[in-house]
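Okay, upload_2.cif is below, mmCIF, C-alpha atoms:
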```
data_upload
loop_
_atom_site.label_atom_id
_atom_site.label_comp_id
_atom_site.auth_asym_id
_atom_site.auth_seq_id
_atom_site.Cartn_x
_atom_site.Cartn_y
_atom_site.Cartn_z
CA MET A 849 240.45 143.34 88.08
CA THR A 850 242.72 140.82 89.81
CA ARG A 851 245.65 139.63 87.69
CA PRO A 852 245.41 136.01 86.47
CA PHE A 853 246.90 133.37 88.77
CA ASP A 854 247.37 129.60 88.85
CA LEU A 855 246.98 127.78 92.16
CA SER A 856 248.00 124.34 90.93
CA LEU A 857 251.37 124.17 92.73
CA TYR A 858 251.61 126.78 95.47
CA LEU A 859 254.87 126.91 97.43
CA ILE A 860 254.86 128.30 100.98
CA THR A 861 258.34 129.07 102.22
CA ASP A 862 259.78 128.00 105.55
CA PRO A 863 262.87 129.95 106.69
CA PHE A 864 264.32 127.02 108.63
CA LEU A 865 263.84 124.38 105.95
CA CYS A 866 265.27 126.74 103.33
CA ALA A 867 268.21 127.90 105.46
CA GLN A 868 270.88 125.47 104.31
CA ARG A 869 270.34 126.06 100.59
CA GLY A 870 269.07 129.63 100.90
CA LEU A 871 265.55 130.96 100.46
CA ILE A 872 266.01 132.47 97.02
CA GLU A 873 267.95 129.48 95.70
CA THR A 874 265.23 127.12 96.97
CA VAL A 875 262.43 129.14 95.43
CA LEU A 876 264.16 129.56 92.06
CA ALA A 877 264.85 125.82 91.89
CA ALA A 878 261.17 125.20 92.61
CA VAL A 879 260.21 127.69 89.89
CA ARG A 880 262.27 125.68 87.41
CA GLY A 881 260.42 122.59 88.60
CA GLY A 882 257.01 124.11 87.93
CA ILE A 883 255.59 125.95 90.93
CA THR A 884 252.92 128.44 89.92
CA MET A 885 252.73 130.68 93.02
CA VAL A 886 254.95 131.35 96.02
CA GLN A 887 254.01 132.67 99.45
CA LEU A 888 256.67 134.23 101.64
CA ARG A 889 255.93 133.11 105.19
CA ASP A 890 258.36 133.90 108.01
CA LYS A 891 256.80 134.30 111.44
CA GLN A 892 260.15 135.06 113.08
CA ALA A 893 261.19 138.03 110.93
CA ASP A 894 260.12 141.53 111.94
CA GLU A 895 258.51 143.84 109.39
CA ALA A 896 261.76 145.47 108.25
CA GLU A 897 263.47 142.11 107.82
CA LEU A 898 260.52 140.71 105.92
CA VAL A 899 260.50 143.68 103.55
CA GLU A 900 264.21 143.20 102.87
CA ILE A 901 263.81 139.46 102.26
CA GLY A 902 260.70 140.00 100.18
CA ARG A 903 262.27 142.63 97.96
CA ALA A 904 265.21 140.35 97.20
CA LEU A 905 262.89 137.45 96.43
CA HIS A 906 260.62 139.62 94.30
CA ARG A 907 263.59 140.80 92.24
CA ALA A 908 264.75 137.22 91.80
CA LEU A 909 261.29 136.21 90.56
CA GLY A 910 261.21 139.12 88.11
CA ASN A 911 261.89 137.02 85.00
CA SER A 912 259.26 134.44 85.88
CA ALA A 913 255.49 134.58 85.74
CA VAL A 914 255.25 133.32 89.34
CA PRO A 915 253.46 135.82 91.62
CA LEU A 916 254.79 136.55 95.09
CA ILE A 917 252.22 136.46 97.90
CA ILE A 918 253.05 137.71 101.40
CA ASN A 919 251.69 135.91 104.43
CA ASP A 920 249.42 137.97 106.69
CA GLN A 921 250.93 141.46 106.22
CA PRO A 922 249.39 143.72 103.54
CA GLU A 923 251.72 146.60 104.48
CA VAL A 924 254.74 144.42 103.75
CA ALA A 925 253.22 143.33 100.44
CA ALA A 926 252.69 146.98 99.51
CA ALA A 927 256.26 147.93 100.47
CA ILE A 928 257.68 145.10 98.39
CA GLY A 929 255.39 145.58 95.42
CA ALA A 930 254.35 141.94 95.78
CA GLU A 931 251.45 140.57 93.76
CA GLY A 932 249.29 139.83 96.76
CA VAL A 933 248.72 138.78 100.36
CA HIS A 934 247.33 135.72 102.11
CA LEU A 935 245.34 136.35 105.30
CA GLY A 936 244.65 133.88 108.06
CA GLN A 937 241.31 133.88 109.85
CA ASP A 938 242.68 136.16 112.57
CA ASP A 939 245.12 138.16 110.48
CA GLY A 940 243.54 141.35 109.31
CA ASP A 941 240.62 142.78 107.41
CA ALA A 942 240.43 141.69 103.79
CA ALA A 943 238.62 144.84 102.65
CA ARG A 944 241.39 146.97 104.16
CA ALA A 945 244.00 144.85 102.39
CA ARG A 946 242.16 145.29 99.10
CA ALA A 947 242.00 149.06 99.58
CA LEU A 948 245.72 149.17 100.34
CA LEU A 949 246.90 146.85 97.56
CA GLY A 950 244.45 147.78 94.82
CA PRO A 951 242.16 145.89 92.44
CA ALA A 952 244.92 143.90 90.70
CA ALA A 953 246.27 142.31 93.91
CA ILE A 954 245.70 138.63 94.61
CA ILE A 955 244.13 138.19 98.06
CA GLY A 956 243.69 134.80 99.71
CA ARG A 957 241.95 133.81 102.93
CA SER A 958 242.47 130.72 105.09
CA ILE A 959 239.40 128.60 105.79
CA ASN A 960 239.16 125.66 108.18
CA ASP A 961 235.42 125.26 108.53
CA ILE A 962 232.56 125.54 106.08
CA ALA A 963 230.80 128.02 108.39
CA GLN A 964 233.64 130.48 107.80
CA LEU A 965 232.51 130.86 104.20
CA ASP A 966 229.71 133.14 105.41
CA ALA A 967 232.28 135.85 106.21
CA VAL A 968 234.05 135.61 102.85
CA ASP A 969 233.27 138.38 100.37
CA PRO A 970 234.00 137.07 96.85
CA GLY A 971 234.21 140.67 95.71
CA VAL A 972 237.31 141.08 97.91
CA ILE A 973 238.81 137.59 98.27
CA ASP A 974 240.22 135.82 95.19
CA TYR A 975 240.95 132.34 96.50
CA LEU A 976 240.69 130.21 99.63
CA GLY A 977 243.46 128.28 101.34
CA VAL A 978 241.65 125.30 102.86
CA GLY A 979 243.01 122.99 105.51
CA PRO A 980 244.78 121.53 107.26
CA VAL A 981 243.98 118.57 105.05
CA ARG A 982 246.62 116.55 106.89
CA ALA A 983 248.65 117.10 110.04
CA THR A 984 251.87 119.01 109.46
CA GLY A 985 254.97 119.70 111.51
CA THR A 986 255.66 123.01 109.78
CA LYS A 987 252.75 124.61 111.65
CA PRO A 988 252.44 122.85 115.03
CA ASP A 989 249.57 125.11 116.16
CA HIS A 990 247.42 124.27 113.15
CA LYS A 991 243.64 123.94 113.39
CA THR A 992 241.79 120.63 113.48
CA VAL A 993 242.60 118.42 110.50
CA ILE A 994 239.65 118.38 108.08
CA GLY A 995 240.82 115.62 105.75
CA VAL A 996 239.91 115.26 102.11
CA ASP A 997 236.22 114.96 103.01
CA GLY A 998 236.24 118.34 104.74
CA LEU A 999 238.08 119.83 101.79
CA ALA A 1000 235.47 118.38 99.43
CA ARG A 1001 232.59 119.97 101.35
CA ILE A 1002 234.18 123.41 101.13
CA CYS A 1003 235.06 122.99 97.45
CA GLN A 1004 231.47 122.02 96.69
CA THR A 1005 230.08 125.05 98.56
CA SER A 1006 232.50 127.82 97.68
CA SER A 1007 232.26 129.92 94.53
CA LEU A 1008 235.97 130.79 94.88
CA PRO A 1009 238.92 128.67 93.76
CA VAL A 1010 240.47 126.55 96.49
CA VAL A 1011 244.05 125.53 97.21
CA ALA A 1012 244.44 122.66 99.68
CA ILE A 1013 246.96 123.16 102.48
CA ALA A 1014 249.03 121.11 104.96
CA GLY A 1015 251.03 117.93 104.86
CA LEU A 1016 250.64 117.43 101.12
CA ARG A 1017 252.93 115.65 98.68
CA ALA A 1018 252.81 114.33 95.13
CA GLU A 1019 250.89 111.22 96.18
CA HIS A 1020 248.01 113.37 97.43
CA ALA A 1021 247.52 115.29 94.18
CA ALA A 1022 244.92 112.95 92.67
CA ALA A 1023 242.67 112.97 95.75
CA ILE A 1024 242.94 116.73 96.11
CA ARG A 1025 242.11 117.43 92.47
CA ARG A 1026 239.32 114.85 92.38
CA VAL A 1027 237.27 116.73 95.00
CA GLY A 1028 237.42 120.04 93.15
CA ALA A 1029 240.44 121.94 94.47
CA GLN A 1030 242.37 124.05 91.99
CA GLY A 1031 245.74 123.26 93.52
CA LEU A 1032 247.77 122.12 96.48
CA ALA A 1033 250.08 124.13 98.70
CA VAL A 1034 253.31 122.55 99.89
CA VAL A 1035 256.07 123.46 102.32
CA SER A 1036 258.38 120.65 103.39
CA ALA A 1037 257.76 118.55 100.27
CA ILE A 1038 259.82 121.14 98.39
CA CYS A 1039 261.70 123.20 100.99
CA ALA A 1040 263.13 120.12 102.71
CA ALA A 1041 263.76 118.15 99.52
CA ALA A 1042 267.27 117.17 98.49
CA ASP A 1043 266.51 118.75 95.12
CA PRO A 1044 263.63 121.28 95.17
CA GLU A 1045 263.49 121.40 91.37
CA ILE A 1046 262.96 117.66 91.06
CA ALA A 1047 260.49 117.65 93.96
CA ALA A 1048 258.45 120.45 92.39
CA ALA A 1049 258.50 118.73 89.00
CA GLU A 1050 257.22 115.48 90.52
CA ILE A 1051 254.32 117.24 92.23
CA ALA A 1052 253.51 119.28 89.11
CA SER A 1053 253.50 116.12 87.03
CA ALA A 1054 251.25 114.30 89.50
CA TRP A 1055 248.84 117.23 89.48
CA ALA A 1056 248.75 117.43 85.68
CA ALA A 1057 248.06 113.68 85.43
CA ALA A 1058 245.25 113.71 88.02
CA PRO A 1059 241.65 113.78 86.76
CA THR A 1060 239.60 116.85 87.63
CA CYS A 1061 236.37 116.71 89.59
CA GLN A 1062 234.39 117.07 86.36
CA GLU A 1063 236.35 114.33 84.60
CA THR A 1064 235.81 111.98 87.53
CA GLN A 1065 232.03 112.46 87.26
CA LEU A 1066 231.89 111.59 83.54
#
```
Is it possible to express this structure as structure tokens?
Amino acid sequence: MTRPFDLSLYLITDPFLCAQRGLIETVLAAVRGGITMVQLRDKQADEAELVEIGRALHRALGNSAVPLIINDQPEVAAAIGAEGVHLGQDDGDAARARALLGPAAIIGRSINDIAQLDAVDPGVIDYLGVGPVRATGTKPDHKTVIGVDGLARICQTSSLPVVAIAGLRAEHAAAIRRVGAQGLAVVSAICAAADPEIAAAEIASAWAAAPTCQETQL
């Protein structure tokens, strides 16, 4: 059985935006501010470098309840002892990742189009990362922007929890929660902030204050 997790404020790291302050320092400040999950994403690091970075980050997160998710590489997640992996559409077989990481691992899959839901096995995948909801400079090669309407269609169709991705800040929390997502993923809104703790706290507060999809329909 997959360990419990909370998607409400999901931090995705950026090595360049975190460089001045330091990756671990940025993440720990964000933890104090209220992030609930963190994904280590570094497309420039090779596997050995990523394992080294990930082990240090995992140790630093040891006293928190925040799970560490590794972007795209199940083998790295296994080497680190991370809590899970997030797979893009073209980044590996989810069933293989589950076999490698075991039943307790948290496994996410990126979705950009409602048709992609047909290939998602809810017995293997635990949550969906859906987007890009907005254009973002942290991933210049991102897929076509789907907007809040596209996010809503996937939330309404999927049986899995959804975290919205791309270009999101505190002011988007209400719209994201209103259409049925369980959280929002952020990069620059925290990694590039003057104070990541304050930035995370502002987003967490905006999310907590936003009405859920069910509350909106009452």
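When all atoms listed in the file are used to measure the gap to A:Ala1041, the shortest distance among A:Ile860, A:Ala1021, A:Val1010, A:Thr874 belongs to A:Thr874.
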Best match for closeness to A:Glu900 among A:Arg1001, A:Ala925, A:Leu935, A:Asn960, counting all atoms listed in the file: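 For A:Glu900, the nearest of the candidates is A:Ala925.
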Is there a way to get, as a PyMOL selection string, all residues within 6 Å of the point (255.7, 125.5, 94.4) in file coordinates, counting only C-alpha atoms? chain A and resi 857-859+878+883
Identify all residues satisfying the PyMOL selection byres ((chain A and resi 923) around 12) in the given file; provide them as a VMD selection string. chain A and resid 895 to 896 898 to 899 902 918 to 922 924 to 930 932 to 934 940 944 to 949
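Distances here use all atoms listed in the file; by that measure, the residue among A:Asp894, A:Glu1045, A:Asp938, A:Asp997 closest to A:Gly979 is A:Asp997.
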Counting all atoms listed in the file, figure out which residue out of A:Thr984, A:Ser856, A:Ser912, A:Gln1030 gets nearest to A:Leu999.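 The answer is A:Gln1030, which sits nearest to A:Leu999.
Surrounding residues of (244.3, 124.5, 106.8) at most 7 Å away are Ser958, Ile959, Asn960, Gly977, Val978, Gly979, Pro980, Val981, Lys991, Ile1013 and Ala1014 of chain A (based on all atoms listed in the file).
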Can you spit out the residues from that selection as a PDB file, in the frame of the given file, using C-alpha atoms?
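And here's out.pdb as it stands now:
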```pdb
ATOM      1  CA  SER A 958     242.470 130.720 105.090  1.00  0.00           C
ATOM      2  CA  ILE A 959     239.400 128.600 105.790  1.00  0.00           C
ATOM      3  CA  ASN A 960     239.160 125.660 108.180  1.00  0.00           C
ATOM      4  CA  GLY A 977     243.460 128.280 101.340  1.00  0.00           C
ATOM      5  CA  VAL A 978     241.650 125.300 102.860  1.00  0.00           C
ATOM      6  CA  GLY A 979     243.010 122.990 105.510  1.00  0.00           C
ATOM      7  CA  PRO A 980     244.780 121.530 107.260  1.00  0.00           C
ATOM      8  CA  VAL A 981     243.980 118.570 105.050  1.00  0.00           C
ATOM      9  CA  LYS A 991     243.640 123.940 113.390  1.00  0.00           C
ATOM     10  CA  ILE A1013     246.960 123.160 102.480  1.00  0.00           C
ATOM     11  CA  ALA A1014     249.030 121.110 104.960  1.00  0.00           C
TER      12      ALA A1014
END
```
Rounded to one decimal in Å, what is the spacing between atom CA of A:Gly998 and atom CA of A:Lys891? 26.9 Å
Atom CA of A:Asp974 to atom CA of A:Leu1008: how many Å, to one decimal?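 That distance, rounded to one decimal, is 6.6 Å.
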So the first atom is atom CA of A:Pro863 and the second is atom CA of A:Ile955; what is the distance between them in Å, to one decimal place? 22.2 Å
Hits from the PyMOL selection byres ((chain A and resi 1051) around 10), listed as a ChimeraX atom specification: /A:856-857,881-883,1016-1021,1032,1034,1037-1038,1046-1050,1052-1057
Shortest interatomic distance to A:Leu871 - which of A:Arg957, A:Ala913, A:Pro852, A:Cys1039, counting only C-alpha atoms: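 Nearest candidate to A:Leu871 out of A:Arg957, A:Ala913, A:Pro852, A:Cys1039: A:Cys1039.
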Would you mind telling me which residue in A:Arg851, A:Phe864, A:Asp961, A:His906 lies nearest to A:Leu876 when using all atoms listed in the file?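 With all atoms listed in the file as the atom set, the closest residue is A:His906.
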Using the chain letters and residue numbers of this document, give as a list in words the residues selected by the PyMOL selection byres ((chain A and resi 854) around 7).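 Expected selection for the PyMOL selection byres ((chain A and resi 854) around 7) here is Phe853, Leu855, Ser856, Thr884 and Met885 of chain A.
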Assuming 5 Å of padding per side, give the centre and edge lengths of the axis-aligned box around every listed atom of stretch 877-893 of chain A, in Å to one decimal and as AutoDock Vina command-line options.
```
--center_x 258.8 --center_y 130.3 --center_z 100.2 --size_x 22.1 --size_y 25.4 --size_z 35.7
```
With N, CA and C atoms as the goal, would you fill in the gaps in stretch 1025-1047 of chain A and present it as a PDB file, keeping the file's coordinate frame?
```pdb
ATOM      1  N   ARG A1025     242.723 116.913  93.698  1.00  0.00           N
ATOM      2  CA  ARG A1025     242.110 117.430  92.470  1.00  0.00           C
ATOM      3  C   ARG A1025     240.735 116.821  92.236  1.00  0.00           C
ATOM      4  N   ARG A1026     240.568 115.567  92.622  1.00  0.00           N
ATOM      5  CA  ARG A1026     239.320 114.850  92.380  1.00  0.00           C
ATOM      6  C   ARG A1026     238.140 115.503  93.089  1.00  0.00           C
ATOM      7  N   VAL A1027     238.381 116.141  94.256  1.00  0.00           N
ATOM      8  CA  VAL A1027     237.270 116.730  95.000  1.00  0.00           C
ATOM      9  C   VAL A1027     237.002 118.182  94.635  1.00  0.00           C
ATOM     10  N   GLY A1028     237.752 118.716  93.660  1.00  0.00           N
ATOM     11  CA  GLY A1028     237.420 120.040  93.150  1.00  0.00           C
ATOM     12  C   GLY A1028     238.356 121.167  93.494  1.00  0.00           C
ATOM     13  N   ALA A1029     239.461 120.882  94.191  1.00  0.00           N
ATOM     14  CA  ALA A1029     240.440 121.940  94.470  1.00  0.00           C
ATOM     15  C   ALA A1029     241.183 122.312  93.204  1.00  0.00           C
ATOM     16  N   GLN A1030     241.629 123.564  93.151  1.00  0.00           N
ATOM     17  CA  GLN A1030     242.370 124.050  91.990  1.00  0.00           C
ATOM     18  C   GLN A1030     243.887 123.913  92.158  1.00  0.00           C
ATOM     19  N   GLY A1031     244.313 123.426  93.322  1.00  0.00           N
ATOM     20  CA  GLY A1031     245.740 123.260  93.520  1.00  0.00           C
ATOM     21  C   GLY A1031     246.048 122.756  94.912  1.00  0.00           C
ATOM     22  N   LEU A1032     247.333 122.498  95.152  1.00  0.00           N
ATOM     23  CA  LEU A1032     247.770 122.120  96.480  1.00  0.00           C
ATOM     24  C   LEU A1032     248.966 122.973  96.881  1.00  0.00           C
ATOM     25  N   ALA A1033     248.986 123.328  98.144  1.00  0.00           N
ATOM     26  CA  ALA A1033     250.080 124.130  98.700  1.00  0.00           C
ATOM     27  C   ALA A1033     251.027 123.198  99.443  1.00  0.00           C
ATOM     28  N   VAL A1034     252.321 123.419  99.257  1.00  0.00           N
ATOM     29  CA  VAL A1034     253.310 122.550  99.890  1.00  0.00           C
ATOM     30  C   VAL A1034     254.380 123.396 100.572  1.00  0.00           C
ATOM     31  N   VAL A1035     254.956 122.829 101.610  1.00  0.00           N
ATOM     32  CA  VAL A1035     256.070 123.460 102.320  1.00  0.00           C
ATOM     33  C   VAL A1035     257.251 122.498 102.309  1.00  0.00           C
ATOM     34  N   SER A1036     257.228 121.532 103.220  1.00  0.00           N
ATOM     35  CA  SER A1036     258.380 120.650 103.390  1.00  0.00           C
ATOM     36  C   SER A1036     258.629 119.757 102.183  1.00  0.00           C
ATOM     37  N   ALA A1037     257.584 119.416 101.428  1.00  0.00           N
ATOM     38  CA  ALA A1037     257.760 118.550 100.270  1.00  0.00           C
ATOM     39  C   ALA A1037     258.718 119.143  99.246  1.00  0.00           C
ATOM     40  N   ILE A1038     258.860 120.479  99.273  1.00  0.00           N
ATOM     41  CA  ILE A1038     259.820 121.140  98.390  1.00  0.00           C
ATOM     42  C   ILE A1038     260.963 121.752  99.188  1.00  0.00           C
ATOM     43  N   CYS A1039     260.647 122.490 100.238  1.00  0.00           N
ATOM     44  CA  CYS A1039     261.700 123.200 100.990  1.00  0.00           C
ATOM     45  C   CYS A1039     262.693 122.255 101.640  1.00  0.00           C
ATOM     46  N   ALA A1040     262.241 121.075 102.047  1.00  0.00           N
ATOM     47  CA  ALA A1040     263.130 120.120 102.710  1.00  0.00           C
ATOM     48  C   ALA A1040     263.669 119.057 101.754  1.00  0.00           C
ATOM     49  N   ALA A1041     263.331 119.156 100.485  1.00  0.00           N
ATOM     50  CA  ALA A1041     263.760 118.150  99.520  1.00  0.00           C
ATOM     51  C   ALA A1041     265.242 118.272  99.206  1.00  0.00           C
ATOM     52  N   ALA A1042     265.854 117.149  98.888  1.00  0.00           N
ATOM     53  CA  ALA A1042     267.270 117.170  98.490  1.00  0.00           C
ATOM     54  C   ALA A1042     267.454 117.999  97.230  1.00  0.00           C
ATOM     55  N   ASP A1043     266.482 117.961  96.348  1.00  0.00           N
ATOM     56  CA  ASP A1043     266.510 118.750  95.120  1.00  0.00           C
ATOM     57  C   ASP A1043     265.135 119.378  94.919  1.00  0.00           C
ATOM     58  N   PRO A1044     264.943 120.646  95.283  1.00  0.00           N
ATOM     59  CA  PRO A1044     263.630 121.280  95.170  1.00  0.00           C
ATOM     60  C   PRO A1044     263.081 121.304  93.747  1.00  0.00           C
ATOM     61  N   GLU A1045     263.965 121.391  92.760  1.00  0.00           N
ATOM     62  CA  GLU A1045     263.490 121.400  91.370  1.00  0.00           C
ATOM     63  C   GLU A1045     262.846 120.070  91.013  1.00  0.00           C
ATOM     64  N   ILE A1046     263.507 118.981  91.351  1.00  0.00           N
ATOM     65  CA  ILE A1046     262.960 117.660  91.060  1.00  0.00           C
ATOM     66  C   ILE A1046     261.677 117.422  91.854  1.00  0.00           C
ATOM     67  N   ALA A1047     261.682 117.829  93.121  1.00  0.00           N
ATOM     68  CA  ALA A1047     260.490 117.650  93.960  1.00  0.00           C
ATOM     69  C   ALA A1047     259.300 118.406  93.387  1.00  0.00           C
TER      70      ALA A1047
END
```
